[in-house]
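Participant: If it helps, the file is called protein_27.txt and holds compact mmCIF, C-alpha atoms and all ligand atoms:
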```txt
# COMPACT_ATOMS: atom_id res chain seq x y z
CA MET M 1 9.91 -14.86 -6.50
CA LEU M 2 7.29 -15.50 -9.16
CA PHE M 3 4.61 -13.05 -9.93
CA ALA M 4 3.16 -13.88 -13.28
CA SER M 5 2.75 -16.69 -15.69
CA ARG M 6 4.64 -14.67 -18.29
CA SER M 7 7.94 -15.61 -16.74
CA PHE M 8 8.45 -12.36 -14.91
CA CYS M 9 9.90 -12.49 -11.48
CA CYS M 10 10.00 -9.67 -9.01
CA LEU M 11 12.60 -8.52 -6.55
CA GLY M 12 10.74 -6.93 -3.72
CA ILE M 13 7.07 -7.31 -4.41
CA ARG M 14 3.81 -8.13 -2.76
CA THR M 15 1.49 -9.67 -5.22
CA HIS M 16 -1.70 -11.65 -5.12
CA LEU M 17 -0.49 -14.15 -7.66
CA LEU M 18 1.76 -15.71 -5.07
CA GLN M 19 -1.07 -16.70 -2.82
CA ARG M 20 -1.54 -20.36 -2.07
CA ASP M 21 -4.59 -22.07 -0.67
CA LEU M 22 -3.70 -23.68 2.60
CA PRO M 23 -6.06 -26.18 4.18
CA SER M 24 -5.64 -24.47 7.55
CA LYS M 25 -9.32 -23.92 8.21
CA SER M 26 -10.22 -27.59 8.15
CA ILE M 27 -7.17 -28.45 10.25
CA ARG M 28 -8.18 -25.89 12.85
CA PHE M 29 -11.67 -27.28 13.15
CA SER M 30 -10.60 -30.88 13.50
CA ALA M 31 -7.96 -29.94 16.07
CA PHE M 32 -10.61 -28.21 18.16
CA ALA M 33 -12.97 -31.16 17.95
CA MET M 34 -10.28 -33.57 19.13
CA ARG M 35 -9.26 -31.35 22.01
CA SER M 36 -12.79 -30.91 23.27
CA GLU M 37 -13.45 -34.68 23.33
CA SER M 38 -10.89 -35.22 26.03
CA ASP M 39 -10.97 -31.88 27.82
CA PRO M 40 -13.48 -31.85 30.72
CA GLN M 41 -13.43 -28.05 30.74
CA ARG M 42 -15.02 -28.12 27.31
CA ARG M 43 -17.64 -30.85 27.85
CA HIS M 44 -20.42 -28.34 28.29
CA VAL M 45 -19.97 -27.14 24.72
CA ASN M 46 -22.86 -28.26 22.56
CA ARG M 47 -21.40 -30.28 19.69
CA GLU M 48 -24.14 -29.25 17.34
CA THR M 49 -23.40 -25.58 17.72
CA MET M 50 -19.63 -25.83 18.23
CA PRO M 51 -18.51 -25.89 14.62
CA PHE M 52 -20.82 -23.02 13.76
CA LYS M 53 -19.99 -20.79 16.73
CA HIS M 54 -16.29 -21.23 16.20
CA LYS M 55 -16.39 -20.72 12.50
CA ASN M 56 -14.81 -17.66 10.93
CA THR M 57 -17.04 -14.86 9.71
CA ARG M 58 -18.05 -14.80 6.09
CA ARG M 59 -16.11 -11.59 5.51
CA ILE M 60 -12.77 -13.33 6.09
CA GLU M 61 -13.70 -16.55 4.33
CA GLY M 62 -10.92 -17.69 2.00
CA LEU M 63 -8.53 -14.94 3.03
CA ASP M 64 -6.36 -16.97 5.41
CA SER M 65 -3.32 -17.40 3.18
CA ASN M 66 -0.90 -14.51 2.96
CA VAL M 67 2.23 -14.30 0.90
CA TRP M 68 4.14 -12.41 3.59
CA VAL M 69 3.43 -14.90 6.30
CA GLU M 70 4.81 -17.60 3.97
CA PHE M 71 7.81 -15.57 2.82
CA THR M 72 8.85 -14.60 6.32
CA LYS M 73 8.96 -18.28 7.25
CA VAL M 74 11.03 -19.19 4.21
CA ALA M 75 13.37 -16.22 4.69
CA ALA M 76 14.17 -17.34 8.25
CA ASP M 77 16.64 -19.74 6.63
CA PRO M 78 19.96 -17.82 6.88
CA SER M 79 21.17 -19.18 3.56
CA ILE M 80 18.36 -17.27 1.78
CA VAL M 81 18.55 -13.60 0.84
CA ASN M 82 15.08 -12.10 1.02
CA LEU M 83 14.71 -9.61 -1.82
CA GLY M 84 10.97 -9.96 -1.66
CA GLN M 85 9.87 -7.51 0.98
CA GLY M 86 9.66 -3.75 0.64
CA LEU M 87 11.95 -2.39 3.28
CA PRO M 88 15.18 -0.42 2.96
CA ASP M 89 18.59 -1.67 4.10
CA ILE M 90 19.84 1.87 4.68
CA SER M 91 19.74 3.80 7.95
CA PRO M 92 16.87 6.23 8.38
CA PRO M 93 18.05 9.88 8.48
CA SER M 94 19.71 10.60 11.83
CA TYR M 95 17.45 13.60 12.59
CA VAL M 96 14.40 11.33 12.31
CA LYS M 97 15.80 8.95 14.92
CA GLU M 98 16.89 11.86 17.14
CA GLU M 99 13.43 13.38 17.04
CA LEU M 100 11.98 10.10 18.23
CA ALA M 101 14.40 9.98 21.16
CA LYS M 102 13.46 13.55 22.06
CA ALA M 103 9.75 12.80 21.84
CA ALA M 104 10.07 9.72 24.04
CA ALA M 105 11.87 11.82 26.67
CA ALA M 106 8.95 14.26 27.00
CA ASP M 107 6.42 12.90 29.50
CA ARG M 108 3.34 14.44 27.92
CA LEU M 109 4.21 12.86 24.56
CA ASN M 110 3.92 9.40 26.05
CA GLN M 111 0.15 9.69 26.48
CA TYR M 112 -2.74 9.51 24.00
CA THR M 113 -3.03 12.27 21.44
CA ARG M 114 -5.84 13.46 19.14
CA GLY M 115 -7.49 10.41 17.56
CA PHE M 116 -7.53 11.62 13.95
CA GLY M 117 -3.89 12.70 14.02
CA HIS M 118 -1.49 14.39 16.43
CA PRO M 119 -2.04 18.16 15.99
CA LEU M 120 1.56 18.95 15.10
CA LEU M 121 1.68 16.14 12.55
CA VAL M 122 -1.53 17.01 10.71
CA LYS M 123 -0.33 20.62 10.61
CA ALA M 124 3.03 19.57 9.11
CA LEU M 125 1.32 17.25 6.60
CA SER M 126 -1.07 20.00 5.55
CA GLN M 127 1.83 22.37 4.91
CA VAL M 128 3.81 19.85 2.86
CA TYR M 129 0.80 18.71 0.82
CA GLU M 130 -0.57 22.22 0.30
CA ARG M 131 2.71 22.93 -1.39
CA VAL M 132 2.65 19.72 -3.43
CA CYS M 133 -1.02 19.93 -4.40
CA GLY M 134 -1.24 23.71 -4.82
CA ARG M 135 -4.45 23.93 -2.79
CA LYS M 136 -5.59 24.59 0.76
CA ILE M 137 -5.63 21.47 2.97
CA ASP M 138 -7.32 21.74 6.33
CA PRO M 139 -5.25 19.80 8.88
CA LEU M 140 -8.29 18.95 11.01
CA THR M 141 -10.82 17.93 8.38
CA ASP M 142 -8.86 16.83 5.29
CA ILE M 143 -6.31 14.49 6.88
CA LEU M 144 -6.49 11.28 8.88
CA VAL M 145 -3.34 9.76 10.40
CA THR M 146 -3.48 6.02 10.84
CA VAL M 147 -1.41 2.84 11.17
CA GLY M 148 0.70 2.90 8.03
CA GLY M 149 -0.49 2.97 4.46
CA TYR M 150 -2.28 -0.29 5.35
CA GLY M 151 -4.38 1.49 7.97
CA SER M 152 -5.21 4.23 5.50
CA LEU M 153 -6.31 1.71 2.90
CA PHE M 154 -8.34 -0.18 5.47
CA SER M 155 -10.21 2.83 6.83
CA THR M 156 -10.85 4.10 3.30
CA VAL M 157 -12.30 0.82 2.09
CA GLN M 158 -14.33 0.23 5.24
CA ALA M 159 -15.71 3.76 5.19
CA LEU M 160 -16.59 4.08 1.52
CA ILE M 161 -17.09 0.63 -0.02
CA GLU M 162 -20.42 -1.07 0.36
CA GLU M 163 -21.60 -4.66 -0.01
CA GLY M 164 -22.33 -5.30 -3.69
CA ASP M 165 -20.09 -2.50 -4.95
CA GLU M 166 -17.46 -3.19 -7.58
CA VAL M 167 -13.91 -1.92 -7.07
CA LEU M 168 -11.41 -1.79 -9.92
CA ILE M 169 -7.94 -3.08 -9.11
CA ILE M 170 -5.06 -2.69 -11.54
CA GLU M 171 -3.02 -5.89 -11.93
CA PRO M 172 -0.50 -6.76 -10.66
CA PHE M 173 -1.18 -5.14 -7.32
CA PHE M 174 -0.11 -4.76 -3.72
CA ASP M 175 -1.56 -7.91 -2.21
CA CYS M 176 -3.90 -6.45 0.42
CA TYR M 177 -6.19 -4.58 -1.99
CA GLU M 178 -8.16 -7.67 -2.96
CA PRO M 179 -8.82 -9.04 0.58
CA MET M 180 -9.67 -5.58 1.88
CA VAL M 181 -12.29 -5.13 -0.83
CA LYS M 182 -13.67 -8.59 -0.15
CA MET M 183 -13.83 -7.96 3.60
CA ALA M 184 -16.04 -4.97 2.83
CA GLY M 185 -18.39 -7.34 0.97
CA ALA M 186 -17.57 -5.81 -2.40
CA LYS M 187 -16.42 -7.40 -5.65
CA PRO M 188 -12.88 -6.77 -6.92
CA VAL M 189 -12.79 -6.32 -10.69
CA PHE M 190 -9.35 -6.64 -12.24
CA ILE M 191 -7.84 -4.70 -15.08
CA PRO M 192 -4.31 -5.66 -16.18
CA LEU M 193 -1.36 -3.50 -17.03
CA ARG M 194 -0.26 -4.99 -20.34
CA ASN M 195 3.24 -5.10 -21.71
CA LYS M 196 3.01 -3.10 -24.92
CA ASN M 197 6.18 -4.72 -26.25
CA ASP M 198 4.73 -8.17 -25.80
CA GLY M 199 7.37 -9.96 -23.80
CA ASN M 200 10.25 -7.60 -24.46
CA SER M 201 10.01 -5.13 -21.65
CA ALA M 202 13.02 -3.03 -20.75
CA SER M 203 11.23 -0.33 -18.79
CA SER M 204 8.32 -0.08 -16.37
CA ALA M 205 6.81 2.47 -18.78
CA ASP M 206 6.18 -0.42 -21.23
CA TRP M 207 3.33 -1.55 -18.94
CA VAL M 208 0.13 0.25 -19.81
CA LEU M 209 -3.64 0.11 -19.44
CA ASP M 210 -5.63 -0.52 -22.59
CA PRO M 211 -8.04 2.46 -22.80
CA THR M 212 -10.95 0.45 -24.23
CA GLU M 213 -10.47 -2.43 -21.82
CA LEU M 214 -10.41 0.03 -18.90
CA ALA M 215 -13.49 1.90 -20.09
CA ASN M 216 -15.38 -1.39 -20.43
CA LYS M 217 -14.75 -2.27 -16.77
CA PHE M 218 -16.64 0.79 -15.51
CA ASN M 219 -20.37 0.47 -14.91
CA SER M 220 -23.03 1.81 -12.55
CA LYS M 221 -21.80 -0.47 -9.72
CA THR M 222 -18.19 0.74 -9.92
CA LYS M 223 -17.73 2.52 -6.62
CA ALA M 224 -13.98 3.05 -6.75
CA ILE M 225 -10.73 2.38 -8.56
CA ILE M 226 -7.54 1.69 -6.64
CA LEU M 227 -4.59 3.38 -8.28
CA ASN M 228 -0.99 2.86 -7.18
CA THR M 229 1.65 5.23 -8.49
CA PRO M 230 4.63 4.77 -8.35
CA HIS M 231 3.51 1.22 -8.77
CA ASN M 232 4.29 -1.83 -6.66
CA PRO M 233 5.63 -4.10 -8.12
CA ILE M 234 6.23 -2.81 -11.67
CA GLY M 235 7.82 0.52 -10.71
CA LYS M 236 5.63 2.34 -13.21
CA VAL M 237 5.04 6.05 -12.68
CA PHE M 238 1.71 6.88 -14.30
CA THR M 239 1.96 9.78 -16.75
CA ARG M 240 -0.36 12.79 -16.76
CA GLU M 241 -2.12 11.39 -19.86
CA GLU M 242 -2.71 8.02 -18.19
CA LEU M 243 -4.01 9.68 -15.03
CA GLN M 244 -6.26 11.93 -17.10
CA MET M 245 -7.75 8.86 -18.81
CA ILE M 246 -8.55 7.35 -15.39
CA ALA M 247 -9.86 10.68 -14.08
CA ASP M 248 -12.18 11.13 -17.08
CA LEU M 249 -13.72 7.72 -16.44
CA CYS M 250 -14.05 8.39 -12.69
CA ILE M 251 -15.88 11.63 -13.40
CA LYS M 252 -18.05 10.11 -16.13
CA HIS M 253 -19.16 7.22 -13.88
CA ASP M 254 -19.11 9.15 -10.59
CA THR M 255 -16.46 6.79 -9.23
CA LEU M 256 -14.13 7.35 -6.27
CA CYS M 257 -10.37 7.04 -6.62
CA ILE M 258 -8.27 5.48 -3.87
CA SER M 259 -4.78 6.61 -4.80
CA ASP M 260 -2.03 4.70 -3.03
CA GLU M 261 1.00 6.97 -3.36
CA VAL M 262 3.22 5.60 -0.60
CA TYR M 263 6.21 5.73 -3.00
CA GLU M 264 5.47 9.33 -4.03
CA TRP M 265 9.04 10.55 -3.36
CA LEU M 266 10.73 7.52 -4.90
CA VAL M 267 10.76 8.71 -8.47
CA TYR M 268 13.86 8.33 -10.61
CA LYS M 269 15.47 10.79 -13.03
CA GLY M 270 13.34 11.77 -16.01
CA ASN M 271 10.02 10.99 -14.27
CA LYS M 272 7.57 13.06 -12.30
CA HIS M 273 5.04 11.89 -9.77
CA ILE M 274 1.65 13.48 -10.40
CA LYS M 275 -1.16 13.28 -7.87
CA ILE M 276 -4.43 12.35 -9.54
CA ALA M 277 -6.18 14.45 -6.87
CA THR M 278 -4.68 17.55 -8.50
CA LEU M 279 -6.42 16.94 -11.86
CA PRO M 280 -9.59 18.97 -12.45
CA GLY M 281 -12.64 17.42 -10.78
CA MET M 282 -10.61 14.81 -8.87
CA TRP M 283 -9.99 16.32 -5.43
CA GLU M 284 -13.66 15.84 -4.49
CA ARG M 285 -13.53 12.10 -5.27
CA THR M 286 -9.99 11.05 -4.31
CA ILE M 287 -8.38 9.74 -1.14
CA THR M 288 -4.60 10.02 -1.42
CA ILE M 289 -2.60 7.65 0.77
CA GLY M 290 0.93 8.21 2.08
CA SER M 291 3.33 6.39 4.40
CA ALA M 292 5.98 7.52 6.87
CA GLY M 293 7.69 4.17 6.38
CA LYS M 294 8.37 4.87 2.72
CA THR M 295 8.92 8.63 3.10
CA TYR M 296 11.61 8.33 5.79
CA SER M 297 12.87 4.74 5.40
CA VAL M 298 11.25 3.79 8.72
CA THR M 299 8.85 1.02 7.74
CA GLY M 300 8.72 -0.16 11.38
CA TRP M 301 7.05 3.07 12.44
CA LYS M 302 3.82 2.12 10.72
CA LEU M 303 2.36 5.59 10.36
CA GLY M 304 0.37 6.58 7.32
CA TRP M 305 -2.18 9.16 6.28
CA SER M 306 -5.16 9.71 4.05
CA ILE M 307 -5.72 13.11 2.50
CA GLY M 308 -8.91 14.16 0.78
CA PRO M 309 -12.02 16.30 0.93
CA GLN M 310 -13.78 16.67 4.26
CA HIS M 311 -16.95 14.96 2.97
CA LEU M 312 -14.96 11.72 2.46
CA ILE M 313 -12.36 11.97 5.23
CA LYS M 314 -15.09 12.35 7.87
CA HIS M 315 -16.25 8.80 7.09
CA LEU M 316 -12.71 7.45 7.46
CA GLN M 317 -12.55 9.21 10.82
CA VAL M 318 -15.62 7.25 11.95
CA VAL M 319 -13.83 3.98 11.14
CA GLN M 320 -10.73 5.11 13.02
CA GLN M 321 -12.59 6.30 16.13
CA ASN M 322 -14.37 2.95 16.37
CA THR M 323 -11.40 0.72 15.68
CA LEU M 324 -7.89 2.01 16.50
CA TYR M 325 -8.89 5.32 18.02
CA THR M 326 -5.38 6.81 17.82
CA CYS M 327 -1.77 6.18 16.76
CA PRO M 328 1.38 6.31 18.93
CA THR M 329 2.07 9.87 20.08
CA PRO M 330 5.90 9.86 20.20
CA LEU M 331 6.11 8.51 16.65
CA GLN M 332 3.68 11.13 15.39
CA GLU M 333 5.56 13.91 17.17
CA ALA M 334 8.90 12.76 15.74
CA LEU M 335 7.44 12.44 12.26
CA ALA M 336 5.98 15.94 12.51
CA GLN M 337 9.37 17.37 13.50
CA ALA M 338 11.03 15.53 10.61
CA PHE M 339 8.45 16.92 8.19
CA TRP M 340 9.08 20.45 9.46
CA ILE M 341 12.79 20.02 8.81
CA ASP M 342 12.21 18.85 5.25
CA TYR M 343 9.34 21.23 4.58
CA LYS M 344 11.70 24.14 5.19
CA ARG M 345 14.15 22.81 2.62
CA MET M 346 11.82 21.65 -0.11
CA ASP M 347 13.70 23.93 -2.52
CA ASP M 348 17.00 22.33 -1.57
CA PRO M 349 18.20 19.15 -3.36
CA ASP M 350 19.37 17.84 0.03
CA CYS M 351 15.77 17.60 1.23
CA TYR M 352 15.25 13.91 2.07
CA PHE M 353 12.24 13.78 -0.27
CA TYR M 354 14.69 14.05 -3.20
CA SER M 355 17.95 12.66 -1.82
CA LEU M 356 16.46 9.22 -1.08
CA SER M 357 15.56 8.57 -4.72
CA ARG M 358 19.07 9.66 -5.81
CA GLU M 359 20.54 7.13 -3.41
CA LEU M 360 18.22 4.33 -4.51
CA GLU M 361 18.70 5.08 -8.21
CA GLY M 362 22.36 4.06 -7.96
CA LYS M 363 21.31 0.82 -6.26
CA ARG M 364 18.66 0.19 -8.91
CA ASP M 365 21.26 0.51 -11.66
CA ARG M 366 23.71 -1.74 -9.86
CA MET M 367 21.08 -4.41 -9.32
CA ALA M 368 20.04 -4.23 -12.98
CA GLN M 369 23.66 -4.65 -14.04
CA LEU M 370 24.11 -7.70 -11.80
CA LEU M 371 20.98 -9.28 -13.21
CA ARG M 372 22.09 -8.66 -16.80
CA GLU M 373 25.45 -10.22 -16.01
CA VAL M 374 23.74 -13.49 -15.11
CA GLY M 375 21.63 -13.46 -18.27
CA LEU M 376 18.36 -12.08 -16.89
CA LYS M 377 16.36 -9.16 -18.28
CA PRO M 378 15.45 -6.57 -15.66
CA VAL M 379 12.57 -4.18 -16.27
CA ILE M 380 14.00 -0.85 -15.11
CA PRO M 381 11.59 0.81 -12.68
CA ASP M 382 10.87 4.54 -12.98
CA GLY M 383 9.91 4.68 -9.31
CA GLY M 384 9.38 2.72 -6.09
CA TYR M 385 11.39 0.03 -4.29
CA PHE M 386 10.87 -2.82 -6.72
CA MET M 387 12.23 -4.33 -9.89
CA ILE M 388 10.63 -7.05 -11.98
CA VAL M 389 12.81 -9.37 -13.97
CA ASP M 390 12.16 -11.53 -17.00
CA VAL M 391 13.32 -14.97 -15.88
CA SER M 392 12.30 -16.89 -18.99
CA THR M 393 15.87 -18.10 -19.43
CA LEU M 394 15.52 -19.87 -16.07
CA SER M 395 11.92 -21.03 -16.47
CA PRO M 396 12.29 -24.71 -15.58
CA LEU M 397 14.12 -23.84 -12.36
CA VAL M 398 12.07 -20.91 -11.12
CA ILE M 399 8.65 -22.42 -11.51
CA GLN M 400 9.21 -24.32 -8.24
CA THR M 401 8.28 -22.19 -5.24
N1 LIG M 501 0.86 0.43 -0.39
C1 LIG M 501 1.87 -0.12 -1.06
C2 LIG M 501 1.84 -0.09 -2.55
C3 LIG M 501 2.92 -0.73 -0.38
O1 LIG M 501 3.92 -1.30 -1.08
C4 LIG M 501 2.92 -0.75 1.03
C5 LIG M 501 4.01 -1.41 1.83
N2 LIG M 501 4.81 -2.28 1.20
C6 LIG M 501 1.84 -0.14 1.68
C7 LIG M 501 0.83 0.44 0.95
C8 LIG M 501 1.74 -0.16 3.18
O2 LIG M 501 2.53 0.82 3.76
P1 LIG M 501 2.81 0.82 5.31
O3 LIG M 501 4.02 0.00 5.57
O4 LIG M 501 3.01 2.28 5.63
O5 LIG M 501 1.59 0.27 5.99
```
Translate this structure into structure tokens?
Ligand code: PMP
Facilitator:
Amino acid sequence: MLFASRSFCCLGIRTHLLQRDLPSKSIRFSAFAMRSESDPQRRHVNRETMPFKHKNTRRIEGLDSNVWVEFTKVAADPSIVNLGQGLPDISPPSYVKEELAKAAAADRLNQYTRGFGHPLLVKALSQVYERVCGRKIDPLTDILVTVGGYGSLFSTVQALIEEGDEVLIIEPFFDCYEPMVKMAGAKPVFIPLRNKNDGNSASSADWVLDPTELANKFNSKTKAIILNTPHNPIGKVFTREELQMIADLCIKHDTLCISDEVYEWLVYKGNKHIKIATLPGMWERTITIGSAGKTYSVTGWKLGWSIGPQHLIKHLQVVQQNTLYTCPTPLQEALAQAFWIDYKRMDDPDCYFYSLSRELEGKRDRMAQLLREVGLKPVIPDGGYFMIVDVSTLSPLVIQT
């Protein structure tokens, strides 16, 4: 899979640079016009107004292509191994699956639960994150449970980003950031991670923000920056110094920080995940996003959460109550029970929060070795599910998608 013109390829990424413009909109319109000509049921439709009334809204204009729709189609060919999508090939922990079976067997847990998050789950999340963040987190006002990390991103952007705002996005990035910002009527402004070794990258830590370039992107319209650490697709784990640089600019320009930390537990030896919300002055302006899918290797569960100060979370709650209303009760109950199990053993290396990254680290090293053996140059990730690879030795072949 290609992700950049610099001959880097990525195993397991979602990136905007793969998007292709498909002429689907014009095809859809002409198909409708042809159908209505011959269909008596549709004769009453006024031709003058038809194309307008059936047109997409401006907020989704130009957003109809999606790399994952395309990749899923391609990967349906059984001769192709899909290394492109972020999901584990290991079994989720057995206690997580057992808790779901137990929850499904309890009648009352098969009905709606609290819209902003099942009470037991927000309680469990508050306990875990109080411990991680070293501060009080109110389960009812500082947390919103939603449909995956995607749902958390969506409600955050819809609740806090206004038409005309600018939102900083660090390139490369998880593909949905850009369309979500555009759907809110705001302008994405991109700032690249640059390879400080200019083409010779052995580690995800080689990819850095240029401090001056970053500072120059901030202005009075900058409403928010979207941070992703550990980073998809580079695998970079932002250091305290890098986070402090971002925090200083956020505070200086009164900018919000949307911190996508769905890979927070996937951090490999020698690295530490730091939450930007824990830096001085940042809690008040940060929404931190997590995902059950990534925490427990259950991407199909599609549960996520946003954590932040009440004065921001209350706006996300308004989006949720007027869109999804609530998330599946049995899944939330099972996730809460799993969190209680791991919360109680957070001092134990067998806690799933730490054992998963140990398991994946061995796979990372094996994959890197295989890639080296065929003459490619992997960029070793410090965190996350993904690995980018310098494919310049294959350039003429890979440039065909
Ligand atoms: N953020 C990032 C960086 C991701 O990689 C993903 C999923 N690949 C998500 C958010 C979405 O997470 P979820 O599956 O929980 O919606």
Participant: Can I get the residues of chain M within 6 Å of ligand LIG 501 (chain M), each with the closest pair of atoms and their distance in Å to one decimal, using all atoms listed in the file, sorted chain first then ascending number, as a Markdown table?
Facilitator:
```
| residue | atom | partner | partner_atom | distance |
| --- | --- | --- | --- | --- |
| M:Gly86 | CA | M:LIG501 | N2 | 5.1 |
| M:Gly148 | CA | M:LIG501 | O4 | 3.4 |
| M:Gly149 | CA | M:LIG501 | O5 | 3.7 |
| M:Tyr150 | CA | M:LIG501 | O5 | 4.0 |
| M:Phe174 | CA | M:LIG501 | C2 | 5.2 |
| M:Asn232 | CA | M:LIG501 | C2 | 5.1 |
| M:Asp260 | CA | M:LIG501 | N1 | 5.8 |
| M:Val262 | CA | M:LIG501 | N1 | 5.7 |
| M:Ser291 | CA | M:LIG501 | O4 | 4.3 |
| M:Gly293 | CA | M:LIG501 | O4 | 5.1 |
| M:Thr299 | CA | M:LIG501 | O3 | 5.4 |
| M:Lys302 | CA | M:LIG501 | O4 | 5.2 |
| M:Leu303 | CA | M:LIG501 | O4 | 5.8 |
| M:Gly304 | CA | M:LIG501 | O4 | 5.3 |
```
Participant: Tell me which protein, DNA and RNA residues are within 8 Å of range 118-135 of chain M, counting all atoms listed in the file, leaving out same-chain ones fewer than 6 positions away, and put them as a VMD selection string.
Facilitator: chain M and resid 143 to 145 275 277 to 278 329 332 to 333 335 to 337 339 to 340 343
Participant: So the first atom is CA of Gln111 in chain M and the second is CA of Cys327 in chain M; what is the distance between them in Å, to one decimal place?
Facilitator: 10.5 Å
Participant: At a cut-off of 9 Å from (9.2, -4.4, -15.7) in the coordinates of the file, what residues are picked up using all atoms listed in the file, written as a ChimeraX atom specification?
Facilitator: /M:8,10,195,201-207,233-236,377-381,387-390
Participant: Interatomic distance between CA of Gln310 in chain M and CA of Gly151 in chain M?
Facilitator: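 CA of Gln310 in chain M sits 18.2 Å away from CA of Gly151 in chain M.
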